[in-house]
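Engineer: Just one file: work_26.cif, with mmCIF, C-alpha atoms.
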data_structure
loop_
_atom_site.group_PDB
_atom_site.id
_atom_site.type_symbol
_atom_site.label_atom_id
_atom_site.label_comp_id
_atom_site.auth_asym_id
_atom_site.auth_seq_id
_atom_site.Cartn_x
_atom_site.Cartn_y
_atom_site.Cartn_z
ATOM 1 C CA MET A 1 48.340 -87.897 69.735
ATOM 2 C CA ALA A 2 50.140 -84.571 69.865
ATOM 3 C CA LYS A 3 53.598 -83.782 71.217
ATOM 4 C CA VAL A 4 53.241 -81.218 73.977
ATOM 5 C CA PHE A 5 56.231 -79.269 75.274
ATOM 6 C CA ILE A 6 55.912 -78.596 78.992
ATOM 7 C CA PHE A 7 57.427 -75.797 81.041
ATOM 8 C CA PRO A 8 58.825 -76.270 83.692
ATOM 9 C CA ALA A 9 60.340 -79.117 81.721
ATOM 10 C CA THR A 10 60.618 -81.229 84.881
ATOM 11 C CA SER A 11 57.032 -80.672 86.032
ATOM 12 C CA LEU A 12 55.365 -83.751 87.523
ATOM 13 C CA VAL A 13 51.879 -82.293 87.275
ATOM 14 C CA LEU A 14 52.166 -81.298 83.621
ATOM 15 C CA SER A 15 53.751 -84.561 82.455
ATOM 16 C CA ASP A 16 50.981 -86.440 84.234
ATOM 17 C CA MET A 17 48.167 -84.329 82.806
ATOM 18 C CA VAL A 18 49.516 -84.576 79.252
ATOM 19 C CA GLU A 19 49.913 -88.348 79.425
ATOM 20 C CA ARG A 20 46.643 -88.835 81.304
ATOM 21 C CA TRP A 21 44.737 -87.405 78.348
ATOM 22 C CA GLY A 22 46.579 -89.378 75.711
ATOM 23 C CA HIS A 23 49.338 -87.087 74.448
ATOM 24 C CA GLU A 24 53.129 -87.222 74.633
ATOM 25 C CA ALA A 25 54.872 -84.853 77.038
ATOM 26 C CA LEU A 26 58.181 -83.394 75.867
ATOM 27 C CA GLY A 27 60.168 -82.542 78.980
ATOM 28 C CA ALA A 28 63.700 -82.673 80.307
ATOM 29 C CA ALA A 29 63.494 -86.434 80.940
ATOM 30 C CA THR A 30 62.918 -87.159 77.245
ATOM 31 C CA GLY A 31 66.097 -85.363 76.167
ATOM 32 C CA ILE A 32 68.193 -86.590 79.083
ATOM 33 C CA ARG A 33 67.197 -90.209 78.462
ATOM 34 C CA GLU A 34 68.332 -89.941 74.874
ATOM 35 C CA ARG A 35 71.773 -88.779 76.034
ATOM 36 C CA ILE A 36 71.996 -91.292 78.867
ATOM 37 C CA GLN A 37 71.318 -94.196 76.541
ATOM 38 C CA THR A 38 73.766 -93.149 73.838
ATOM 39 C CA ALA A 39 77.322 -94.463 73.963
ATOM 40 C CA SER A 40 79.906 -91.662 73.942
ATOM 41 C CA LEU A 41 82.684 -90.168 76.003
ATOM 42 C CA ASP A 42 81.849 -90.035 79.684
ATOM 43 C CA SER A 43 80.896 -86.550 80.825
ATOM 44 C CA PRO A 44 79.304 -86.632 84.264
ATOM 45 C CA PRO A 45 77.034 -85.568 85.807
ATOM 46 C CA LEU A 46 74.510 -84.935 83.049
ATOM 47 C CA GLN A 47 75.883 -86.816 80.083
ATOM 48 C CA MET A 48 76.115 -83.524 78.226
ATOM 49 C CA THR A 49 78.915 -83.857 75.722
ATOM 50 C CA PRO A 50 81.292 -81.102 74.570
ATOM 51 C CA GLU A 51 79.290 -81.110 71.336
ATOM 52 C CA ASP A 52 76.137 -79.879 73.071
ATOM 53 C CA PRO A 53 77.153 -76.215 73.586
ATOM 54 C CA LYS A 54 78.079 -76.160 69.889
ATOM 55 C CA LYS A 55 74.638 -77.476 68.933
ATOM 56 C CA GLY A 56 73.196 -74.824 71.247
ATOM 57 C CA LEU A 57 74.705 -72.128 69.026
ATOM 58 C CA LYS A 58 71.663 -72.544 66.828
ATOM 59 C CA TYR A 59 69.551 -71.067 69.628
ATOM 60 C CA ALA A 60 71.873 -68.739 71.573
ATOM 61 C CA ALA A 61 74.810 -66.565 70.513
ATOM 62 C CA VAL A 62 78.390 -67.435 71.364
ATOM 63 C CA GLU A 63 78.607 -64.645 73.973
ATOM 64 C CA VAL A 64 75.897 -66.364 75.986
ATOM 65 C CA PRO A 65 77.232 -68.604 78.798
ATOM 66 C CA CYS A 66 77.856 -72.142 77.562
ATOM 67 C CA GLY A 67 75.459 -73.408 80.267
ATOM 68 C CA VAL A 68 72.620 -71.724 78.403
ATOM 69 C CA ARG A 69 73.758 -73.157 75.101
ATOM 70 C CA GLY A 70 74.131 -76.619 76.628
ATOM 71 C CA ARG A 71 70.630 -76.472 78.051
ATOM 72 C CA MET A 72 69.243 -75.123 74.780
ATOM 73 C CA SER A 73 70.717 -78.083 72.899
ATOM 74 C CA LEU A 74 68.369 -80.150 75.057
ATOM 75 C CA TYR A 75 65.234 -77.968 74.895
ATOM 76 C CA GLY A 76 65.637 -76.338 71.448
ATOM 77 C CA PRO A 77 64.993 -79.461 69.340
ATOM 78 C CA MET A 78 62.028 -80.363 71.556
ATOM 79 C CA ILE A 79 60.410 -76.958 71.047
ATOM 80 C CA GLU A 80 60.898 -77.339 67.294
ATOM 81 C CA GLU A 81 59.363 -80.800 67.413
ATOM 82 C CA ALA A 82 56.377 -79.852 69.605
ATOM 83 C CA ASP A 83 52.806 -79.499 68.297
ATOM 84 C CA ALA A 84 51.688 -77.490 71.331
ATOM 85 C CA ALA A 85 53.011 -76.176 74.638
ATOM 86 C CA ILE A 86 51.807 -75.679 78.203
ATOM 87 C CA ILE A 87 53.588 -73.049 80.286
ATOM 88 C CA ILE A 88 53.241 -72.572 84.034
ATOM 89 C CA ASN A 89 54.144 -68.937 84.599
ATOM 90 C CA ASP A 90 54.767 -68.769 88.334
ATOM 91 C CA ALA A 91 57.089 -71.760 88.558
ATOM 92 C CA ASP A 92 59.717 -70.730 91.102
ATOM 93 C CA LEU A 93 61.075 -74.251 91.164
ATOM 94 C CA SER A 94 62.561 -73.854 87.695
ATOM 95 C CA PHE A 95 64.613 -70.849 88.801
ATOM 96 C CA GLY A 96 68.220 -71.677 89.525
ATOM 97 C CA CYS A 97 71.603 -70.323 88.587
ATOM 98 C CA MET A 98 71.996 -67.656 85.902
ATOM 99 C CA GLY A 99 72.257 -70.394 83.264
ATOM 100 C CA CYS A 100 68.884 -71.837 84.300
ATOM 101 C CA ALA A 101 67.240 -68.414 84.584
ATOM 102 C CA ARG A 102 68.395 -67.213 81.162
ATOM 103 C CA THR A 103 67.542 -70.560 79.581
ATOM 104 C CA ASN A 104 64.020 -70.289 81.005
ATOM 105 C CA GLU A 105 63.596 -66.871 79.419
ATOM 106 C CA LEU A 106 64.914 -68.112 76.100
ATOM 107 C CA VAL A 107 62.715 -71.216 76.192
ATOM 108 C CA MET A 108 59.571 -69.167 76.820
ATOM 109 C CA PHE A 109 60.596 -66.697 74.114
ATOM 110 C CA MET A 110 61.125 -69.518 71.606
ATOM 111 C CA VAL A 111 57.796 -71.127 72.454
ATOM 112 C CA ARG A 112 55.958 -67.852 71.890
ATOM 113 C CA GLN A 113 57.897 -67.192 68.686
ATOM 114 C CA ARG A 114 56.658 -70.356 67.030
ATOM 115 C CA LYS A 115 53.789 -69.146 64.917
ATOM 116 C CA GLY A 116 50.653 -71.229 64.840
ATOM 117 C CA MET A 117 51.618 -73.375 67.810
ATOM 118 C CA PRO A 118 48.861 -73.433 70.444
ATOM 119 C CA VAL A 119 50.171 -72.406 73.864
ATOM 120 C CA LEU A 120 48.344 -72.649 77.185
ATOM 121 C CA ASP A 121 49.492 -70.148 79.825
ATOM 122 C CA ILE A 122 48.565 -71.191 83.303
ATOM 123 C CA LYS A 123 49.473 -70.755 86.993
ATOM 124 C CA TYR A 124 49.922 -73.265 89.800
ATOM 125 C CA PRO A 125 46.712 -73.699 91.824
ATOM 126 C CA GLN A 126 46.689 -72.431 95.412
ATOM 127 C CA THR A 127 43.117 -73.390 96.387
ATOM 128 C CA ASP A 128 40.633 -76.167 95.626
ATOM 129 C CA ASP A 129 38.715 -73.962 93.200
ATOM 130 C CA GLU A 130 41.876 -73.041 91.363
ATOM 131 C CA GLY A 131 42.671 -76.750 91.214
ATOM 132 C CA VAL A 132 39.389 -77.401 89.409
ATOM 133 C CA ALA A 133 40.065 -74.519 86.990
ATOM 134 C CA PHE A 134 43.662 -75.726 86.429
ATOM 135 C CA VAL A 135 42.627 -79.268 85.550
ATOM 136 C CA THR A 136 39.642 -78.175 83.444
ATOM 137 C CA GLN A 137 41.717 -75.712 81.402
ATOM 138 C CA ILE A 138 44.400 -78.290 80.681
ATOM 139 C CA LYS A 139 41.838 -80.929 79.734
ATOM 140 C CA GLU A 140 40.009 -78.571 77.386
ATOM 141 C CA PHE A 141 43.289 -77.518 75.781
ATOM 142 C CA LEU A 142 44.440 -81.093 75.259
ATOM 143 C CA THR A 143 41.042 -82.248 73.990
ATOM 144 C CA GLY A 144 41.149 -79.423 71.445
ATOM 145 C CA LEU A 145 44.503 -80.677 70.210
ATOM 146 C CA GLU A 146 43.065 -84.109 69.708
ATOM 147 C CA GLY A 147 40.331 -82.587 67.519
ATOM 148 C CA GLU A 148 42.885 -80.799 65.388
ATOM 149 C CA SER A 149 45.023 -83.863 64.814
ATOM 150 C CA ASP A 150 41.967 -85.947 63.880
ATOM 151 C CA GLU A 151 40.995 -83.651 61.032
ATOM 152 C CA MET B 152 86.445 -83.763 81.562
ATOM 153 C CA SER B 153 87.173 -87.451 81.651
ATOM 154 C CA THR B 154 87.707 -89.203 78.335
ATOM 155 C CA LYS B 155 86.650 -92.610 79.559
ATOM 156 C CA GLU B 156 84.357 -94.447 77.195
ATOM 157 C CA TYR B 157 80.768 -94.347 78.353
ATOM 158 C CA ILE B 158 78.839 -97.583 77.995
ATOM 159 C CA PRO B 159 75.143 -96.970 78.632
ATOM 160 C CA THR B 160 73.005 -99.397 80.591
ATOM 161 C CA TYR B 161 69.311 -100.224 80.179
ATOM 162 C CA VAL B 162 69.349 -99.130 76.535
ATOM 163 C CA GLY B 163 65.895 -99.095 74.964
ATOM 164 C CA THR B 164 64.077 -98.957 78.293
ATOM 165 C CA ILE B 165 62.110 -96.159 79.889
ATOM 166 C CA THR B 166 61.837 -95.211 83.552
ATOM 167 C CA LYS B 167 58.712 -93.675 85.096
ATOM 168 C CA TYR B 168 58.087 -92.237 88.525
ATOM 169 C CA VAL B 169 54.723 -93.107 90.067
ATOM 170 C CA PHE B 170 53.764 -90.678 92.843
ATOM 171 C CA ILE B 171 50.925 -91.580 95.187
ATOM 172 C CA ASP B 172 49.279 -88.950 97.356
ATOM 173 C CA SER B 173 46.199 -90.753 98.571
ATOM 174 C CA PRO B 174 44.400 -91.097 101.906
ATOM 175 C CA ASP B 175 43.508 -94.709 101.072
ATOM 176 C CA VAL B 176 46.454 -96.195 99.189
ATOM 177 C CA THR B 177 50.022 -96.299 100.494
ATOM 178 C CA PRO B 178 53.144 -96.615 98.338
ATOM 179 C CA GLN B 179 53.564 -100.117 99.782
ATOM 180 C CA THR B 180 50.096 -101.235 98.627
ATOM 181 C CA LEU B 181 50.785 -99.820 95.198
ATOM 182 C CA ALA B 182 54.176 -101.548 95.071
ATOM 183 C CA ILE B 183 52.586 -104.909 95.906
ATOM 184 C CA ARG B 184 50.024 -104.389 93.136
ATOM 185 C CA ALA B 185 52.837 -103.445 90.747
ATOM 186 C CA TYR B 186 54.858 -106.565 91.643
ATOM 187 C CA GLU B 187 51.787 -108.718 91.005
ATOM 188 C CA ILE B 188 51.492 -107.498 87.426
ATOM 189 C CA SER B 189 55.108 -106.513 86.790
ATOM 190 C CA ASP B 190 55.747 -108.828 83.805
ATOM 191 C CA GLY B 191 59.534 -108.659 84.021
ATOM 192 C CA LEU B 192 59.789 -104.947 84.783
ATOM 193 C CA MET B 193 62.200 -103.549 87.351
ATOM 194 C CA ILE B 194 60.237 -101.933 90.171
ATOM 195 C CA LYS B 195 61.767 -99.854 92.933
ATOM 196 C CA GLU B 196 59.637 -98.868 95.890
ATOM 197 C CA THR B 197 60.270 -95.378 97.237
ATOM 198 C CA CYS B 198 58.838 -93.190 100.001
ATOM 199 C CA PHE B 199 56.588 -91.366 97.515
ATOM 200 C CA GLY B 200 55.567 -94.303 95.328
ATOM 201 C CA LEU B 201 57.529 -96.280 92.787
ATOM 202 C CA GLN B 202 59.984 -96.190 89.955
ATOM 203 C CA VAL B 203 59.305 -98.550 87.092
ATOM 204 C CA THR B 204 61.913 -99.401 84.475
ATOM 205 C CA GLY B 205 61.625 -101.600 81.415
ATOM 206 C CA ASP B 206 60.268 -102.092 77.944
ATOM 207 C CA PRO B 207 58.179 -98.994 76.990
ATOM 208 C CA GLU B 208 55.067 -100.982 76.039
ATOM 209 C CA LYS B 209 55.098 -103.023 79.239
ATOM 210 C CA VAL B 210 55.689 -99.929 81.387
ATOM 211 C CA LYS B 211 52.761 -98.181 79.709
ATOM 212 C CA LYS B 212 50.525 -101.165 80.370
ATOM 213 C CA LEU B 213 51.566 -101.341 84.018
ATOM 214 C CA ILE B 214 51.005 -97.615 84.527
ATOM 215 C CA THR B 215 47.524 -97.828 82.993
ATOM 216 C CA GLU B 216 46.701 -100.646 85.400
ATOM 217 C CA LEU B 217 48.175 -98.846 88.422
ATOM 218 C CA ARG B 218 46.247 -95.666 87.665
ATOM 219 C CA THR B 219 42.970 -97.565 88.089
ATOM 220 C CA VAL B 220 43.820 -98.128 91.792
ATOM 221 C CA ASP B 221 43.190 -94.451 92.628
ATOM 222 C CA PRO B 222 42.993 -92.359 89.430
ATOM 223 C CA ALA B 223 42.777 -88.918 91.047
ATOM 224 C CA HIS B 224 45.692 -89.472 93.441
ATOM 225 C CA ILE B 225 48.292 -91.202 91.277
ATOM 226 C CA PHE B 226 50.663 -89.053 89.224
ATOM 227 C CA VAL B 227 53.179 -90.319 86.708
ATOM 228 C CA LYS B 228 56.269 -88.672 85.328
ATOM 229 C CA ASP B 229 59.118 -89.669 83.019
ATOM 230 C CA ARG B 230 62.637 -90.022 84.379
ATOM 231 C CA GLY B 231 65.762 -89.729 82.245
ATOM 232 C CA PHE B 232 68.087 -91.713 84.517
ATOM 233 C CA PRO B 233 67.542 -95.363 85.443
ATOM 234 C CA PRO B 234 67.239 -96.140 89.179
ATOM 235 C CA GLY B 235 70.518 -96.360 91.051
ATOM 236 C CA ASP B 236 72.439 -94.385 88.438
ATOM 237 C CA PRO B 237 75.640 -93.216 90.181
ATOM 238 C CA ARG B 238 75.214 -89.726 88.718
ATOM 239 C CA ARG B 239 71.933 -89.253 90.546
ATOM 240 C CA CYS B 240 71.739 -91.852 93.331
ATOM 241 C CA ARG B 241 71.905 -90.463 96.868
ATOM 242 C CA ALA B 242 74.056 -93.417 97.874
ATOM 243 C CA ASN B 243 76.883 -91.904 95.836
ATOM 244 C CA LEU B 244 76.178 -88.204 96.176
ATOM 245 C CA GLY B 245 74.776 -87.698 99.652
ATOM 246 C CA GLY B 246 72.026 -85.199 100.418
ATOM 247 C CA ALA B 247 68.801 -84.913 98.496
ATOM 248 C CA ARG B 248 68.631 -86.234 94.957
ATOM 249 C CA PRO B 249 68.780 -83.454 92.365
ATOM 250 C CA GLY B 250 65.210 -82.853 91.277
ATOM 251 C CA TYR B 251 63.863 -83.637 94.735
ATOM 252 C CA TYR B 252 63.016 -80.006 95.483
ATOM 253 C CA GLY B 253 60.883 -79.689 92.374
ATOM 254 C CA HIS B 254 58.959 -82.810 93.344
ATOM 255 C CA GLU B 255 58.638 -81.582 96.919
ATOM 256 C CA PHE B 256 57.170 -78.286 95.717
ATOM 257 C CA GLU B 257 54.660 -79.901 93.368
ATOM 258 C CA ASN B 258 53.745 -82.543 95.950
ATOM 259 C CA GLY B 259 52.408 -79.746 98.133
ATOM 260 C CA LEU B 260 49.982 -78.793 95.357
ATOM 261 C CA LEU B 261 48.816 -82.282 94.439
ATOM 262 C CA ARG B 262 45.812 -82.091 96.783
ATOM 263 C CA PHE B 263 44.367 -79.227 94.700
ATOM 264 C CA ILE B 264 44.984 -81.122 91.478
ATOM 265 C CA SER B 265 43.378 -84.272 92.913
ATOM 266 C CA HIS B 266 40.352 -82.225 93.977
ATOM 267 C CA GLY B 267 40.167 -80.811 90.434
ATOM 268 C CA LEU B 268 40.325 -84.287 88.909
ATOM 269 C CA GLU B 269 37.599 -85.584 91.223
ATOM 270 C CA GLU B 270 35.320 -82.646 90.434
ATOM 271 C CA LEU B 271 35.932 -83.079 86.734
ATOM 272 C CA GLU B 272 35.056 -86.752 87.038
ATOM 273 C CA LYS B 273 31.793 -85.902 88.840
ATOM 274 C CA ASN B 274 30.720 -83.322 86.271
ATOM 275 C CA THR B 275 31.539 -85.349 83.210
ATOM 276 C CA PRO B 276 28.438 -87.095 81.857
ATOM 277 C CA PRO B 277 28.959 -90.859 81.902
ATOM 278 C CA VAL B 278 30.075 -92.281 78.598
ATOM 279 C CA LYS B 279 27.384 -94.461 77.081
ATOM 280 C CA ARG B 280 28.799 -97.901 76.633
ATOM 281 C CA LEU B 281 27.297 -100.363 74.223
ATOM 282 C CA GLY B 282 26.699 -103.717 75.820
ATOM 283 C CA LYS B 283 26.981 -107.087 74.141
ATOM 284 C CA LYS B 284 24.080 -108.069 71.935
ATOM 285 C CA LYS B 285 21.884 -110.610 73.672
ATOM 286 C CA LEU B 286 21.395 -113.918 71.917
ATOM 287 C CA ASP B 287 17.581 -113.624 71.906
ATOM 288 C CA GLU B 288 17.538 -109.928 70.901
ATOM 289 C CA GLY B 289 14.836 -109.254 68.280
ATOM 290 C CA LYS B 290 13.465 -112.796 68.563
ATOM 291 C CA VAL B 291 9.935 -113.818 69.591
ATOM 292 C CA PRO B 292 9.775 -114.311 73.392
ATOM 293 C CA LEU B 293 9.636 -117.937 74.504
ATOM 294 C CA ASN B 294 6.173 -117.709 76.148
ATOM 295 C CA ARG B 295 4.768 -116.061 72.983
ATOM 296 C CA LEU B 296 6.266 -118.873 70.866
ATOM 297 C CA VAL B 297 4.670 -121.518 73.110
ATOM 298 C CA GLU B 298 1.353 -119.691 72.802
ATOM 299 C CA ILE B 299 1.580 -119.688 68.975
ATOM 300 C CA ILE B 300 2.400 -123.398 68.901
ATOM 301 C CA LYS B 301 -0.541 -124.175 71.172
ATOM 302 C CA ASN B 302 -2.882 -122.137 68.960
ATOM 303 C CA GLU B 303 -1.578 -123.951 65.878
ATOM 304 C CA GLU B 304 -2.202 -127.302 67.535
ATOM 305 C CA ALA B 305 -5.725 -126.263 68.521
#
Would you give me this structure, written as structure tokens?

Structural biologist:
Amino acid sequence: MAKVFIFPATSLVLSDMVERWGHEALGAATGIRERIQTASLDSPPLQMTPEDPKKGLKYAAVEVPCGVRGRMSLYGPMIEEADAAIIINDADLSFGCMGCARTNELVMFMVRQRKGMPVLDIKYPQTDDEGVAFVTQIKEFLTGLEGESDE
Amino acid sequence: MSTKEYIPTYVGTITKYVFIDSPDVTPQTLAIRAYEISDGLMIKETCFGLQVTGDPEKVKKLITELRTVDPAHIFVKDRGFPPGDPRRCRANLGGARPGYYGHEFENGLLRFISHGLEELEKNTPPVKRLGKKKLDEGKVPLNRLVEIIKNEEA
């Protein structure tokens, strides 16, 4: 079983596909749950603590808005931990404020910077035929990962 | 920032969304099936399906069972917050739950994904399953045995 980082990190389709074929999806929920279930000082609404932007300094410089650093403290360790990644390139839903937009760019950059990590680039399907291609590509990619981990 | 101590709830559990987008199965039917096999899990019925919270192993087992109801039309996703969490619950915030728009967008595409899954299922050669070994496998058939005995007697 491989750990697969998914982008958009909140994608329903990708988390389902990854789990459906026996792997572990690393998305926003995984990191958020860890924070939600850890006792600390209350910091609504996301349970991000003041420590998070500091941890994010590992991934983004201090001049970068703290929102980016806070988000990177969530996604950065997951990208480091991942064995593979699946990226949906035309995901408008992940676009938000400047913090979200810059974080998305940084996340994709980091994923592509990790040498040797298999990455599947894909687009959302808009027709039935594209749906078949979408599912087939993901299945083939994930089955390949299984082969690698078995060796 | 408030400096109130935060005491987490549902520690050690996981929460999963189960989305159903099927012409045959409604969220209500799925919820009834989930209640039948819930095994102490917390199940919340929603307009799109369910939320299941509880021990990771039990949740995994329940999801595997629920998927068999309509494999190509049931989609599962992790959720960081437990159900009813005041930071995310609409009862406290008003308006749509944060994250709703992402789900709404992807829900519009689920029919293509379901079609893809069905096609993939059709094209995949069936996995050869080994059946149980029969008790009389490799033995002399009964009528042949009777014949031998009769010949011996004669």

Engineer: Report as a PyMOL selection string the residues that result from applying the PyMOL selection byres ((chain A) within 10 of (chain B)) to the structure here.

Structural biologist: chain A and resi 8+10-20+25-47+49-50+91-94+124-136+139

Engineer: Near stretch 62-66 of chain A, within 10 Å and counting all atoms listed in the file, which residues show up once chain neighbours fewer than 2 positions away are dropped, as a JSON list (two decimals) with C-alpha atoms, in the coordinates of the input?

Structural biologist:
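Listing of part-v7.json after writing:
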[["chain", "number", "residue", "atom", "x", "y", "z"],
["A", 52, "ASP", "CA", 76.14, -79.88, 73.07],
["A", 53, "PRO", "CA", 77.15, -76.22, 73.59],
["A", 54, "LYS", "CA", 78.08, -76.16, 69.89],
["A", 56, "GLY", "CA", 73.20, -74.82, 71.25],
["A", 57, "LEU", "CA", 74.70, -72.13, 69.03],
["A", 58, "LYS", "CA", 71.66, -72.54, 66.83],
["A", 59, "TYR", "CA", 69.55, -71.07, 69.63],
["A", 60, "ALA", "CA", 71.87, -68.74, 71.57],
["A", 68, "VAL", "CA", 72.62, -71.72, 78.40],
["A", 69, "ARG", "CA", 73.76, -73.16, 75.10],
["A", 70, "GLY", "CA", 74.13, -76.62, 76.63],
["A", 71, "ARG", "CA", 70.63, -76.47, 78.05],
["A", 72, "MET", "CA", 69.24, -75.12, 74.78],
["A", 98, "MET", "CA", 72.00, -67.66, 85.90],
["A", 99, "GLY", "CA", 72.26, -70.39, 83.26],
["A", 102, "ARG", "CA", 68.40, -67.21, 81.16],
["A", 103, "THR", "CA", 67.54, -70.56, 79.58]]

Engineer: For the atom pair atom CA of A:Glu80 and atom CA of A:Arg114, what is the interatomic distance in Å to one decimal place?

Structural biologist: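 Between atom CA of A:Glu80 and atom CA of A:Arg114 the gap is 8.2 Å.
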
Engineer: Selected by the PyMOL selection byres ((chain B and resi 174-178) around 12) in the shown coordinates: which residues, as number ranges by chain?

Structural biologist: B: 168-173, 179-185, 195-202, 217-225, 262, 265

Engineer: Out of A:Met78, A:Ile122, A:Ala2, A:Cys97, which residue has the shortest atom-to-atom distance to A:Gly22 when counting all atoms listed in the file?

Structural biologist: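 Closest candidate: A:Ala2.
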
Engineer: Quick one: 5 Å padding each side, axis-aligned, all listed atoms of stretch 216-234 of chain B - centre and edge lengths in Å to one decimal, as AutoDock Vina command-line options?

Structural biologist:
--center_x 55.4 --center_y -94.7 --center_z 87.8 --size_x 35.3 --size_y 22.0 --size_z 21.2
